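**Q** For reference, this is final_19.tsv, and it has TSV, C-alpha atoms.
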chain	number	residue	atom	x	y	z
A	560	MET	CA	36.70	-0.70	17.88
A	561	THR	CA	35.22	-3.11	20.45
A	562	ARG	CA	31.71	-1.73	19.86
A	563	LYS	CA	32.16	-2.18	16.10
A	564	LEU	CA	33.27	-5.81	16.52
A	565	HIS	CA	30.37	-6.44	18.88
A	566	PHE	CA	27.94	-5.07	16.28
A	567	LEU	CA	29.40	-7.21	13.48
A	568	SER	CA	29.31	-10.35	15.64
A	569	ARG	CA	25.69	-9.70	16.59
A	570	PHE	CA	24.76	-9.07	12.94
A	571	PHE	CA	26.41	-12.32	11.86
A	572	LEU	CA	24.63	-14.23	14.63
A	573	LEU	CA	21.25	-12.80	13.64
A	574	SER	CA	21.94	-13.75	10.03
A	575	LEU	CA	22.66	-17.33	11.06
A	576	LEU	CA	19.51	-17.47	13.17
A	577	ALA	CA	17.55	-16.32	10.13
A	578	GLY	CA	18.78	-19.40	8.28
A	579	THR	CA	21.27	-17.71	5.97
A	580	SER	CA	24.72	-16.18	6.14
A	581	PHE	CA	26.00	-12.70	5.47
A	582	SER	CA	28.27	-13.97	2.70
A	583	LEU	CA	25.47	-15.90	0.98
A	584	GLN	CA	23.35	-12.77	0.71
A	585	ALA	CA	26.20	-10.90	-0.92
A	586	GLN	CA	27.56	-13.50	-3.34
A	587	ARG	CA	26.08	-14.96	-6.50
A	588	LEU	CA	24.46	-18.30	-5.84
A	589	ASN	CA	25.00	-21.54	-7.68
A	590	LYS	CA	22.10	-23.92	-8.35
A	591	ALA	CA	22.56	-25.96	-5.17
A	592	GLN	CA	22.86	-22.85	-2.99
A	593	ALA	CA	19.77	-21.30	-4.59
A	594	GLY	CA	17.75	-24.46	-3.97
A	595	LYS	CA	18.83	-24.64	-0.35
A	596	PHE	CA	18.22	-20.93	0.14
A	597	ALA	CA	14.70	-21.26	-1.35
A	598	THR	CA	13.86	-24.07	1.09
A	599	GLU	CA	15.16	-22.01	4.00
A	600	ALA	CA	13.37	-18.88	2.80
A	601	LEU	CA	10.04	-20.72	2.64
A	602	ARG	CA	10.65	-22.02	6.16
A	603	ARG	CA	11.53	-18.54	7.44
A	604	GLN	CA	8.49	-16.95	5.82
A	605	ALA	CA	6.20	-19.65	7.21
A	606	ALA	CA	7.55	-19.07	10.72
A	607	LEU	CA	7.26	-15.30	10.34
A	608	GLN	CA	3.67	-15.38	9.07
A	609	LYS	CA	2.44	-18.32	11.16
A	610	PRO	CA	0.86	-16.39	14.07
A	611	ALA	CA	-1.23	-14.11	11.83
A	612	LEU	CA	-2.25	-16.85	9.40
A	613	GLU	CA	-3.19	-19.35	12.11
A	614	ALA	CA	-5.29	-16.65	13.77
A	615	ILE	CA	-7.12	-16.12	10.47
A	616	TRP	CA	-7.87	-19.82	10.18
A	617	GLN	CA	-8.99	-20.21	13.79
A	618	GLN	CA	-11.15	-17.09	13.76
A	619	LYS	CA	-12.52	-17.86	10.28
A	620	GLN	CA	-12.19	-14.30	9.08
A	621	ILE	CA	-9.70	-12.08	7.28
A	622	SER	CA	-9.46	-8.31	7.50
A	623	TYR	CA	-7.85	-6.05	4.94
A	624	ASP	CA	-8.20	-2.28	4.77
A	625	LYS	CA	-11.83	-1.62	5.75
A	626	TYR	CA	-13.05	-5.05	4.64
A	627	THR	CA	-13.60	-8.27	6.60
A	628	MET	CA	-14.28	-11.58	4.89
A	629	LYS	CA	-15.73	-14.36	7.05
A	630	PHE	CA	-15.57	-17.97	5.92
A	631	GLU	CA	-16.66	-21.46	6.88
A	632	TYR	CA	-14.92	-24.65	5.86
A	633	ARG	CA	-15.35	-28.41	5.82
A	634	ILE	CA	-12.51	-30.96	5.84
A	635	LEU	CA	-13.25	-33.96	3.62
A	636	GLY	CA	-11.52	-37.27	2.98
A	637	GLU	CA	-8.03	-38.47	3.79
A	638	LYS	CA	-5.11	-36.11	3.26
A	639	PRO	CA	-2.95	-37.17	0.27
A	640	ALA	CA	0.81	-37.44	0.67
A	641	GLY	CA	1.32	-34.23	-1.30
A	642	GLY	CA	-1.09	-32.19	0.81
A	643	ARG	CA	-4.80	-31.43	0.74
A	644	SER	CA	-6.80	-29.85	-2.07
A	645	LEU	CA	-8.53	-26.50	-1.49
A	646	TYR	CA	-11.87	-25.46	-3.00
A	647	ILE	CA	-12.95	-21.82	-2.73
A	648	SER	CA	-16.69	-21.62	-3.42
A	649	MET	CA	-18.35	-18.21	-3.81
A	650	HIS	CA	-22.00	-17.60	-2.95
A	651	GLY	CA	-24.66	-15.82	-4.97
A	652	GLY	CA	-26.74	-12.80	-4.12
A	653	GLY	CA	-24.94	-9.57	-4.97
A	654	GLY	CA	-26.57	-6.16	-4.88
A	655	THR	CA	-29.23	-6.97	-2.33
A	656	ALA	CA	-29.90	-6.96	1.41
A	657	ALA	CA	-27.25	-8.40	3.73
A	658	ALA	CA	-29.74	-11.00	4.97
A	659	VAL	CA	-30.17	-12.34	1.43
A	660	ASN	CA	-26.43	-12.62	0.93
A	661	ASP	CA	-26.12	-14.31	4.33
A	662	GLN	CA	-28.71	-16.89	3.26
A	663	GLN	CA	-26.87	-17.47	-0.01
A	664	TRP	CA	-23.62	-17.93	1.91
A	665	LYS	CA	-25.20	-20.52	4.20
A	666	ASN	CA	-26.48	-22.38	1.15
A	667	GLN	CA	-23.02	-22.35	-0.45
A	668	ILE	CA	-21.39	-23.97	2.58
A	669	SER	CA	-23.02	-27.32	1.77
A	670	LEU	CA	-23.61	-26.90	-1.97
A	671	TYR	CA	-20.67	-29.04	-3.13
A	672	THR	CA	-18.88	-31.97	-1.48
A	673	PRO	CA	-15.48	-32.98	-2.87
A	674	LYS	CA	-14.26	-36.48	-2.02
A	675	GLU	CA	-11.09	-34.92	-0.62
A	676	GLY	CA	-9.99	-31.47	0.37
A	677	ILE	CA	-10.77	-28.33	2.32
A	678	TYR	CA	-14.02	-26.88	1.04
A	679	VAL	CA	-14.19	-23.17	1.93
A	680	ALA	CA	-17.22	-20.94	1.52
A	681	PRO	CA	-16.32	-17.29	2.16
A	682	ARG	CA	-18.87	-14.56	2.88
A	683	ALA	CA	-18.30	-11.56	0.61
A	684	PRO	CA	-17.23	-8.47	2.60
A	685	THR	CA	-19.77	-6.26	0.79
A	686	ASN	CA	-23.31	-6.51	-0.57
A	687	ASN	CA	-22.57	-4.90	-3.94
A	688	TRP	CA	-23.49	-6.38	-7.33
A	689	ASN	CA	-19.78	-7.06	-7.98
A	690	LEU	CA	-19.14	-8.44	-4.51
A	691	TRP	CA	-16.66	-11.11	-5.70
A	692	HIS	CA	-14.44	-9.10	-8.02
A	693	GLU	CA	-13.81	-5.82	-6.28
A	694	PRO	CA	-10.10	-4.93	-5.81
A	695	HIS	CA	-9.88	-6.14	-2.19
A	696	ILE	CA	-10.84	-9.70	-3.16
A	697	ASP	CA	-7.39	-10.43	-4.63
A	698	THR	CA	-5.67	-9.68	-1.32
A	699	LEU	CA	-8.27	-11.51	0.76
A	700	PHE	CA	-8.09	-14.63	-1.42
A	701	ALA	CA	-4.29	-14.58	-1.35
A	702	GLN	CA	-4.36	-14.46	2.46
A	703	LEU	CA	-7.00	-17.18	2.63
A	704	ILE	CA	-4.85	-19.44	0.46
A	705	LYS	CA	-1.75	-18.86	2.59
A	706	ALA	CA	-3.71	-19.52	5.79
A	707	ALA	CA	-4.98	-22.83	4.35
A	708	ILE	CA	-1.49	-23.82	3.18
A	709	LEU	CA	0.00	-23.19	6.60
A	710	SER	CA	-2.86	-24.45	8.78
A	711	GLU	CA	-4.10	-27.46	6.81
A	712	ASP	CA	-1.10	-28.44	4.66
A	713	VAL	CA	-2.86	-27.49	1.41
A	714	ASN	CA	-1.00	-28.32	-1.80
A	715	PRO	CA	-0.56	-25.02	-3.74
A	716	ASP	CA	-0.95	-26.97	-6.99
A	717	LYS	CA	-4.40	-28.28	-6.03
A	718	ILE	CA	-6.43	-25.11	-5.43
A	719	TYR	CA	-9.77	-24.70	-7.22
A	720	LEU	CA	-12.24	-21.84	-7.69
A	721	THR	CA	-15.98	-22.03	-8.21
A	722	GLY	CA	-19.11	-20.01	-7.56
A	723	TYR	CA	-22.85	-19.81	-8.27
A	724	SER	CA	-24.84	-16.87	-9.71
A	725	ALA	CA	-23.06	-13.75	-8.40
A	726	GLY	CA	-20.36	-16.23	-7.36
A	727	GLY	CA	-20.32	-17.31	-11.00
A	728	ASP	CA	-19.75	-13.68	-11.96
A	729	GLY	CA	-16.81	-13.78	-9.58
A	730	THR	CA	-15.49	-16.99	-11.12
A	731	PHE	CA	-15.60	-15.44	-14.59
A	732	GLN	CA	-13.54	-12.52	-13.26
A	733	MET	CA	-11.24	-14.03	-10.65
A	734	ALA	CA	-10.31	-17.19	-12.56
A	735	PRO	CA	-8.46	-15.28	-15.30
A	736	ARG	CA	-7.32	-12.47	-13.00
A	737	MET	CA	-5.63	-14.85	-10.56
A	738	ALA	CA	-5.13	-17.74	-13.00
A	739	ASP	CA	-1.64	-18.46	-11.66
A	740	HIS	CA	-3.17	-19.48	-8.29
A	741	TRP	CA	-5.68	-22.05	-9.53
A	742	ALA	CA	-5.46	-25.64	-10.75
A	743	ALA	CA	-8.87	-25.30	-12.45
A	744	ALA	CA	-12.08	-23.28	-12.15
A	745	ALA	CA	-15.80	-23.89	-12.70
A	746	MET	CA	-18.37	-21.14	-13.28
A	747	MET	CA	-22.05	-21.70	-12.44
A	748	ALA	CA	-24.91	-19.47	-13.64
A	749	GLY	CA	-22.88	-16.27	-13.82
A	750	HIS	CA	-22.23	-13.38	-16.20
A	751	PRO	CA	-18.79	-12.82	-17.78
A	752	GLY	CA	-18.87	-9.03	-17.85
A	753	ASP	CA	-15.53	-7.85	-19.20
A	754	ALA	CA	-13.61	-11.01	-18.21
A	755	GLU	CA	-10.54	-11.86	-20.30
A	756	ALA	CA	-10.45	-15.34	-21.82
A	757	LEU	CA	-6.82	-15.12	-22.98
A	758	ASN	CA	-5.56	-15.38	-19.39
A	759	LEU	CA	-7.08	-18.89	-19.21
A	760	ARG	CA	-4.43	-20.36	-21.52
A	761	ASN	CA	-3.02	-22.56	-18.76
A	762	LEU	CA	-6.15	-22.89	-16.62
A	763	PRO	CA	-8.88	-25.52	-17.25
A	764	PHE	CA	-12.22	-23.73	-17.11
A	765	ALA	CA	-15.76	-25.15	-16.96
A	766	ILE	CA	-19.04	-23.34	-17.65
A	767	TYR	CA	-22.38	-24.55	-16.27
A	768	MET	CA	-25.53	-22.69	-17.32
A	769	CYS	CA	-29.30	-23.14	-17.54
A	770	GLY	CA	-30.81	-22.74	-21.00
A	771	LYS	CA	-33.69	-20.60	-19.72
A	772	ASP	CA	-31.48	-18.36	-17.57
A	773	ALA	CA	-32.02	-15.34	-19.82
A	774	ALA	CA	-31.46	-12.59	-17.23
A	775	TYR	CA	-28.63	-10.34	-18.42
A	776	GLN	CA	-28.30	-12.78	-21.39
A	777	ARG	CA	-26.39	-15.19	-19.18
A	778	ASN	CA	-27.43	-18.21	-21.22
A	779	GLU	CA	-26.44	-16.63	-24.53
A	780	LEU	CA	-23.10	-15.40	-23.22
A	781	ALA	CA	-22.24	-18.81	-21.80
A	782	ALA	CA	-22.65	-20.27	-25.31
A	783	VAL	CA	-20.55	-17.44	-26.75
A	784	TRP	CA	-17.79	-18.17	-24.25
A	785	GLY	CA	-17.93	-21.86	-25.11
A	786	LYS	CA	-17.30	-21.03	-28.78
A	787	LYS	CA	-14.60	-18.54	-27.83
A	788	LEU	CA	-12.74	-21.16	-25.82
A	789	ASP	CA	-13.23	-23.70	-28.63
A	790	SER	CA	-11.51	-21.27	-31.00
A	791	LEU	CA	-8.67	-20.53	-28.59
A	792	GLU	CA	-8.09	-24.21	-27.95
A	793	GLN	CA	-8.01	-24.95	-31.66
A	794	ALA	CA	-5.43	-22.20	-32.20
A	795	ASN	CA	-3.40	-23.34	-29.17
A	796	PRO	CA	-3.52	-27.16	-29.08
A	797	GLY	CA	-3.21	-28.59	-25.59
A	798	CYS	CA	-4.12	-25.27	-23.98
A	799	PHE	CA	-7.43	-23.60	-23.07
A	800	LYS	CA	-8.91	-26.83	-21.74
A	801	HIS	CA	-12.58	-26.26	-21.05
A	802	ASP	CA	-15.95	-27.91	-20.48
A	803	LEU	CA	-19.38	-26.46	-21.34
A	804	HIS	CA	-22.74	-27.64	-20.00
A	805	ILE	CA	-26.00	-25.82	-20.81
A	806	TYR	CA	-29.12	-27.50	-19.42
A	807	PRO	CA	-31.81	-26.42	-21.92
A	808	ASP	CA	-35.02	-26.67	-19.89
A	809	MET	CA	-33.83	-25.25	-16.58
A	810	PRO	CA	-34.08	-21.67	-15.23
A	811	HIS	CA	-31.45	-20.16	-12.90
A	812	TRP	CA	-31.25	-23.09	-10.47
A	813	MET	CA	-29.62	-26.26	-11.84
A	814	ASN	CA	-30.97	-28.52	-9.11
A	815	ARG	CA	-27.41	-29.69	-8.36
A	816	LYS	CA	-26.68	-30.96	-11.87
A	817	ASP	CA	-23.56	-28.80	-11.65
A	818	THR	CA	-22.09	-30.96	-8.87
A	819	VAL	CA	-20.39	-33.02	-11.61
A	820	ALA	CA	-17.99	-30.08	-11.87
A	821	ILE	CA	-16.22	-31.09	-8.65
A	822	PRO	CA	-14.68	-34.36	-9.91
A	823	TRP	CA	-13.89	-32.59	-13.19
A	824	LEU	CA	-11.92	-29.97	-11.27
A	825	ALA	CA	-10.16	-32.52	-9.07
A	826	GLN	CA	-8.42	-34.22	-12.00
A	827	PHE	CA	-6.23	-31.17	-12.64
A	828	SER	CA	-3.08	-29.89	-11.00
A	829	ARG	CA	-1.82	-26.36	-11.48
A	830	LYS	CA	0.80	-25.70	-14.11
A	831	ALA	CA	2.84	-23.25	-12.05
A	832	LEU	CA	5.53	-22.62	-14.69
A	833	PRO	CA	3.91	-22.90	-18.12
A	834	GLU	CA	6.12	-22.59	-21.18
A	835	THR	CA	3.97	-19.79	-22.60
A	836	VAL	CA	2.05	-17.10	-20.73
A	837	PHE	CA	-0.75	-14.95	-22.13
A	838	TRP	CA	-1.43	-12.00	-19.82
A	839	VAL	CA	-3.94	-9.21	-20.32
A	840	GLN	CA	-3.81	-6.76	-17.41
A	841	ASP	CA	-7.15	-6.49	-15.60
A	842	ASP	CA	-8.60	-3.19	-14.38
A	843	VAL	CA	-7.52	-4.43	-10.94
A	844	HIS	CA	-3.80	-4.32	-11.56
A	845	ARG	CA	-1.47	-7.14	-10.61
A	846	GLY	CA	2.29	-6.91	-10.25
A	847	ARG	CA	2.99	-10.54	-11.10
A	848	PHE	CA	1.27	-13.22	-13.19
A	849	TYR	CA	2.93	-16.65	-13.37
A	850	TRP	CA	6.57	-15.72	-14.18
A	851	LEU	CA	5.86	-12.31	-15.67
A	852	GLY	CA	5.61	-9.04	-13.79
A	853	VAL	CA	5.39	-5.27	-14.02
A	854	PRO	CA	6.14	-2.47	-11.57
A	855	LEU	CA	2.88	-1.27	-10.05
A	856	ASN	CA	3.01	2.43	-10.86
A	857	GLU	CA	1.18	5.03	-12.90
A	858	HIS	CA	2.41	3.44	-16.15
A	859	VAL	CA	0.46	0.19	-15.67
A	860	LYS	CA	-2.28	0.05	-18.29
A	861	THR	CA	-5.54	-1.85	-18.07
A	862	GLY	CA	-5.74	-4.14	-21.09
A	863	ALA	CA	-1.97	-4.24	-21.70
A	864	LYS	CA	-1.23	-7.53	-23.44
A	865	THR	CA	1.87	-9.63	-22.88
A	866	ILE	CA	2.78	-12.93	-24.54
A	867	VAL	CA	6.13	-14.54	-23.69
A	868	ALA	CA	7.35	-18.08	-24.35
A	869	ILE	CA	10.30	-20.11	-23.06
A	870	SER	CA	11.90	-22.99	-24.95
A	871	GLY	CA	15.13	-24.34	-23.51
A	872	ASN	CA	17.21	-21.26	-22.70
A	873	ASP	CA	15.48	-19.13	-25.32
A	874	ILE	CA	12.90	-16.57	-24.24
A	875	THR	CA	10.71	-15.13	-26.98
A	876	ILE	CA	8.74	-11.94	-26.41
A	877	VAL	CA	5.84	-12.31	-28.81
A	878	GLN	CA	4.03	-9.20	-27.59
A	879	ASN	CA	4.69	-6.67	-24.84
A	880	GLU	CA	2.58	-3.58	-24.27
A	881	ASN	CA	4.24	-2.65	-20.96
A	882	PRO	CA	6.86	0.12	-20.63
A	883	VAL	CA	8.72	-2.15	-18.18
A	884	LEU	CA	8.33	-5.91	-18.03
A	885	PHE	CA	9.90	-8.33	-15.54
A	886	ILE	CA	10.65	-11.92	-16.50
A	887	TYR	CA	11.15	-14.05	-13.39
A	888	LEU	CA	13.26	-17.18	-13.68
A	889	ASN	CA	14.38	-20.19	-11.66
A	890	ASP	CA	16.22	-23.45	-12.24
A	891	GLY	CA	12.99	-25.33	-12.90
A	892	MET	CA	12.35	-23.24	-16.01
A	893	LEU	CA	15.73	-23.23	-17.74
A	894	ASN	CA	19.46	-23.72	-17.15
A	895	LEU	CA	20.73	-20.66	-15.31
A	896	ASP	CA	24.28	-22.00	-15.50
A	897	LYS	CA	24.21	-21.29	-19.25
A	898	LYS	CA	23.52	-18.18	-21.29
A	899	VAL	CA	19.95	-17.06	-21.65
A	900	ARG	CA	18.82	-15.49	-24.91
A	901	VAL	CA	15.90	-13.08	-25.27
A	902	THR	CA	14.48	-12.28	-28.71
A	903	GLN	CA	11.67	-10.09	-29.98
A	904	ASN	CA	10.55	-9.79	-33.60
A	905	GLY	CA	13.50	-11.95	-34.62
A	906	LYS	CA	16.08	-9.66	-32.99
A	907	VAL	CA	18.29	-10.71	-30.09
A	908	LEU	CA	17.81	-8.26	-27.21
A	909	PHE	CA	19.92	-10.14	-24.66
A	910	SER	CA	22.36	-13.03	-24.57
A	911	GLY	CA	24.22	-13.77	-21.37
A	912	LYS	CA	24.18	-15.20	-17.89
A	913	VAL	CA	21.34	-14.30	-15.54
A	914	HIS	CA	22.59	-14.50	-11.96
A	915	ARG	CA	20.64	-15.95	-9.07
A	916	ASN	CA	19.76	-13.51	-6.31
A	917	ALA	CA	19.10	-14.31	-2.65
A	918	LYS	CA	16.99	-11.21	-2.02
A	919	LEU	CA	14.66	-12.13	-4.87
A	920	ILE	CA	14.30	-15.67	-3.53
A	921	GLU	CA	13.40	-14.28	-0.11
A	922	SER	CA	10.84	-11.82	-1.44
A	923	THR	CA	9.05	-14.32	-3.70
A	924	ALA	CA	9.02	-16.95	-0.92
A	925	ALA	CA	6.69	-14.65	1.03
A	926	ASP	CA	3.74	-16.14	-0.88
A	927	LEU	CA	4.50	-19.55	0.71
A	928	ASP	CA	4.21	-21.05	-2.77
A	929	PRO	CA	7.18	-23.28	-3.71
A	930	GLY	CA	6.10	-23.26	-7.35
A	931	HIS	CA	6.56	-19.49	-7.60
A	932	VAL	CA	9.86	-18.92	-5.82
A	933	PHE	CA	12.19	-17.21	-8.29
A	934	SER	CA	15.94	-16.74	-8.08
A	935	ALA	CA	16.61	-14.48	-11.10
A	936	ARG	CA	14.92	-11.72	-13.03
A	937	LEU	CA	15.28	-9.98	-16.37
A	938	THR	CA	14.00	-6.44	-16.88
A	939	VAL	CA	12.71	-5.47	-20.31
A	940	THR	CA	12.55	-1.73	-20.96
A	941	GLY	CA	11.67	-1.01	-24.54
A	942	LYS	CA	14.24	-2.95	-26.55
A	943	THR	CA	16.73	-3.10	-23.70
A	944	VAL	CA	17.04	-6.15	-21.45
A	945	THR	CA	19.07	-6.14	-18.25
A	946	SER	CA	19.69	-8.78	-15.60
A	947	SER	CA	21.08	-6.73	-12.71
A	948	LEU	CA	19.31	-6.66	-9.35
A	949	PRO	CA	20.26	-5.02	-6.06
A	950	GLY	CA	22.61	-7.41	-4.29
A	951	ASN	CA	24.06	-8.94	-7.47
Output the structure of this file as structure tokens.

**A**
Amino acid sequence: MTRKLHFLSRFFLLSLLAGTSFSLQAQRLNKAQAGKFATEALRRQAALQKPALEAIWQQKQISYDKYTMKFEYRILGEKPAGGRSLYISMHGGGGTAAAVNDQQWKNQISLYTPKEGIYVAPRAPTNNWNLWHEPHIDTLFAQLIKAAILSEDVNPDKIYLTGYSAGGDGTFQMAPRMADHWAAAAMMAGHPGDAEALNLRNLPFAIYMCGKDAAYQRNELAAVWGKKLDSLEQANPGCFKHDLHIYPDMPHWMNRKDTVAIPWLAQFSRKALPETVFWVQDDVHRGRFYWLGVPLNEHVKTGAKTIVAISGNDITIVQNENPVLFIYLNDGMLNLDKKVRVTQNGKVLFSGKVHRNAKLIESTAADLDPGHVFSARLTVTGKTVTSSLPGN
């Protein structure tokens, strides 16, 4: 009996030291408790990850699986009250000798100069043609962002992506694939490949191209993308913000005319919780995109399209091509103290309370992104919607 009491006392003490209580984990949270728990969870996760992330920043390299990504950075301007901006700028080169890619990396380090922010130029871990959109890049960029947030007080709503040539290829791919991370993106002299424009609904996107850059039809495809984004913006007023610049008499090098992209980017802040999300699953599968998610298993399909909108406490599933879909929620999106209604094709699939969950808050806080900490989740399986989670 004494050993049992000793164990319970020790467990309770460890729970308190972790910033939460045993009872809070077990009970349903109200709005105030969820907010406090989210703040504490972010603090706990920052403390837990601090040694590894600070080492990344000090050593200027990140390792994941068999890949290592080096980076250089410059700190510019005075830090705003809300935290610094972060610019990730990808070099050109691609499928060529390592020395050529090294030279392109060195050029990228000083290519752009924001008035304020942390300007980071990473060196691609490989020398392949698709060096900036292979599957490992998602994980490496996510770690780079967290290291910058923790080490330099970067504002998660002021993170920008850009790149030149092969780095432009990467911008075409990584901007829509990780759209929920960026405030805006600018593509320079790259090729779109199979990039998905629909994912840019909530992400301002600029295209800079030379009119005589005919290799791989880059110049023609840039114009096609400009028209595509025009059409999407017309069909979705206020969304698909974009900017197109094609310099007619220039070849592949723009002679720094593209530097005007930097102040264009800087005017935007990320919309972390947009009212409507368009999500087309990339061939590099993601488990969460803004406030939508899927289980990463054999049923995830490349190209699966999802469109969901929130208005008040009404959630409308416009399209869902996933066997299982998660809808993540928090008190900044709707009123979790009232019933939430989910409809699809005019039919009500769910109407009821969605309870806040401490374990979900803790797990989503691991990204160190206050804008994407969620306290509740709905699971859509076919025409069935449930709100239960372990711990509820």

**Q** With a distance cut-off of 12 Å and only C-alpha atoms, select the neighbouring residues of Leu884 of chain A, excluding the residue or stretch itself and same-chain residues fewer than 5 positions from it, and output the selection as an NGL selection string.

**A** :A and (838 or 846-848 or 850-855 or 858-859 or 863-867 or 876 or 878-879 or 936-946)

**Q** What's the 12 Å shell around segment 790-800 of chain A, counting all atoms listed in the file, without same-chain residues fewer than 4 positions away, as a VMD selection string?

**A** chain A and resid 735 738 742 to 745 756 to 766 783 to 786 823 to 824 827 830 833 to 837

**Q** Give as a list in words the set of residues within 12 Å of the point (15.1, -26.5, -2.4), where distances use the file's coordinates and all atoms listed in the file.

**A** Lys590, Ala591, Gln592, Ala593, Gly594, Lys595, Phe596, Ala597, Thr598, Glu599, Ala600, Leu601, Arg602, Asn889, Asp890, Gly891, Ile920, Ala924, Pro929, Gly930, Val932, Phe933 and Ser934 of chain A

**Q** Can you work out which one of A:Gly641, A:Lys787, A:Leu670, A:Leu709 has the shortest atom-to-atom distance to Leu607 of chain A, counting all atoms listed in the file?

**A**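 Smallest distance to Leu607 of chain A is found for A:Leu709.
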
**Q** Which residues, written as an MDAnalysis selection string, have at least one atom at most 9 Å from segment 700-708 of chain A, with all atoms listed in the file counted and residues fewer than 5 positions away on the same chain left out?

**A** chainID A and resid 609 611:616 620:621 642:643 645 647 677 695 713:715 718 740 926:928

**Q** Grab the atom CA of Ala825 of chain A to atom CA of Tyr719 of chain A distance for me, in Å with one decimal place.

**A** 8.0 Å

**Q** So, with all atoms listed in the file as the atoms that count, which of A:Ser870, A:Ser622, A:Gln667, A:Asn660 lies closest to Thr721 of chain A?

**A**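 With all atoms listed in the file as the atom set, the closest residue is A:Gln667.
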
**Q** By how many Å are atom CA of Val899 of chain A and atom CA of Asp716 of chain A apart?

**A**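 Separating atom CA of Val899 of chain A from atom CA of Asp716 of chain A is a distance of 27.4 Å.
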
**Q** Considering all atoms listed in the file, state which residue in the set A:Met809, A:Leu919, A:Ile874, A:Ala656 is at the smallest distance from Lys898 of chain A.

**A**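 Selected residue with least distance to Lys898 of chain A: A:Ile874.
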
**Q** So that I can check the surroundings of Arg736 of chain A, please list as number ranges by chain every protein, DNA and RNA residue that reaches within 10 Å of it, counting only C-alpha atoms and ignoring chain neighbours fewer than 4 positions away.

**A** A: 692, 697, 730-732, 740, 754-756, 758-759, 838-845, 848

**Q** Find the residue from A:Leu699, A:Val679, A:Cys769, A:Leu720 that sits nearest to Leu635 of chain A; use only C-alpha atoms when measuring.

**A**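 Ranking A:Leu699, A:Val679, A:Cys769, A:Leu720 by distance to Leu635 of chain A, first place goes to A:Val679.
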
**Q** When distances are computed from all atoms listed in the file, which of A:Gly752, A:Gly651, A:Gly729, A:Pro610 shows the smallest separation from His811 of chain A?

**A**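 Smallest separation from His811 of chain A among the options: A:Gly651.
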
**Q** May I ask which of the residues A:Tyr887, A:Trp688, A:Tyr678, A:Tyr646 is the closest one to Arg633 of chain A, counting only C-alpha atoms?

**A**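 Residue with the minimum atom-to-atom distance to Arg633 of chain A: A:Tyr678.
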
**Q** Atom CA of Ile805 of chain A to atom CA of Ala781 of chain A: how many Å, to one decimal?

**A**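 Value for the atom CA of Ile805 of chain A-atom CA of Ala781 of chain A distance: 8.0 Å.
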
**Q** First collect every listed atom of segment 775-784 of chain A; then fit an axis-aligned box around them, widen it by 5 Å on each side, and give centre and edge lengths in Å to one decimal, as AutoDock Vina command-line options.

**A**
--center_x -23.2 --center_y -15.3 --center_z -22.6 --size_x 20.8 --size_y 19.9 --size_z 18.3

**Q** Can you tell me, as number ranges by chain, what residues are no more than 7 Å from Arg915 of chain A when counting only C-alpha atoms, ignoring any on the same chain fewer than 5 positions away?

**A** A: 587-588, 934-935
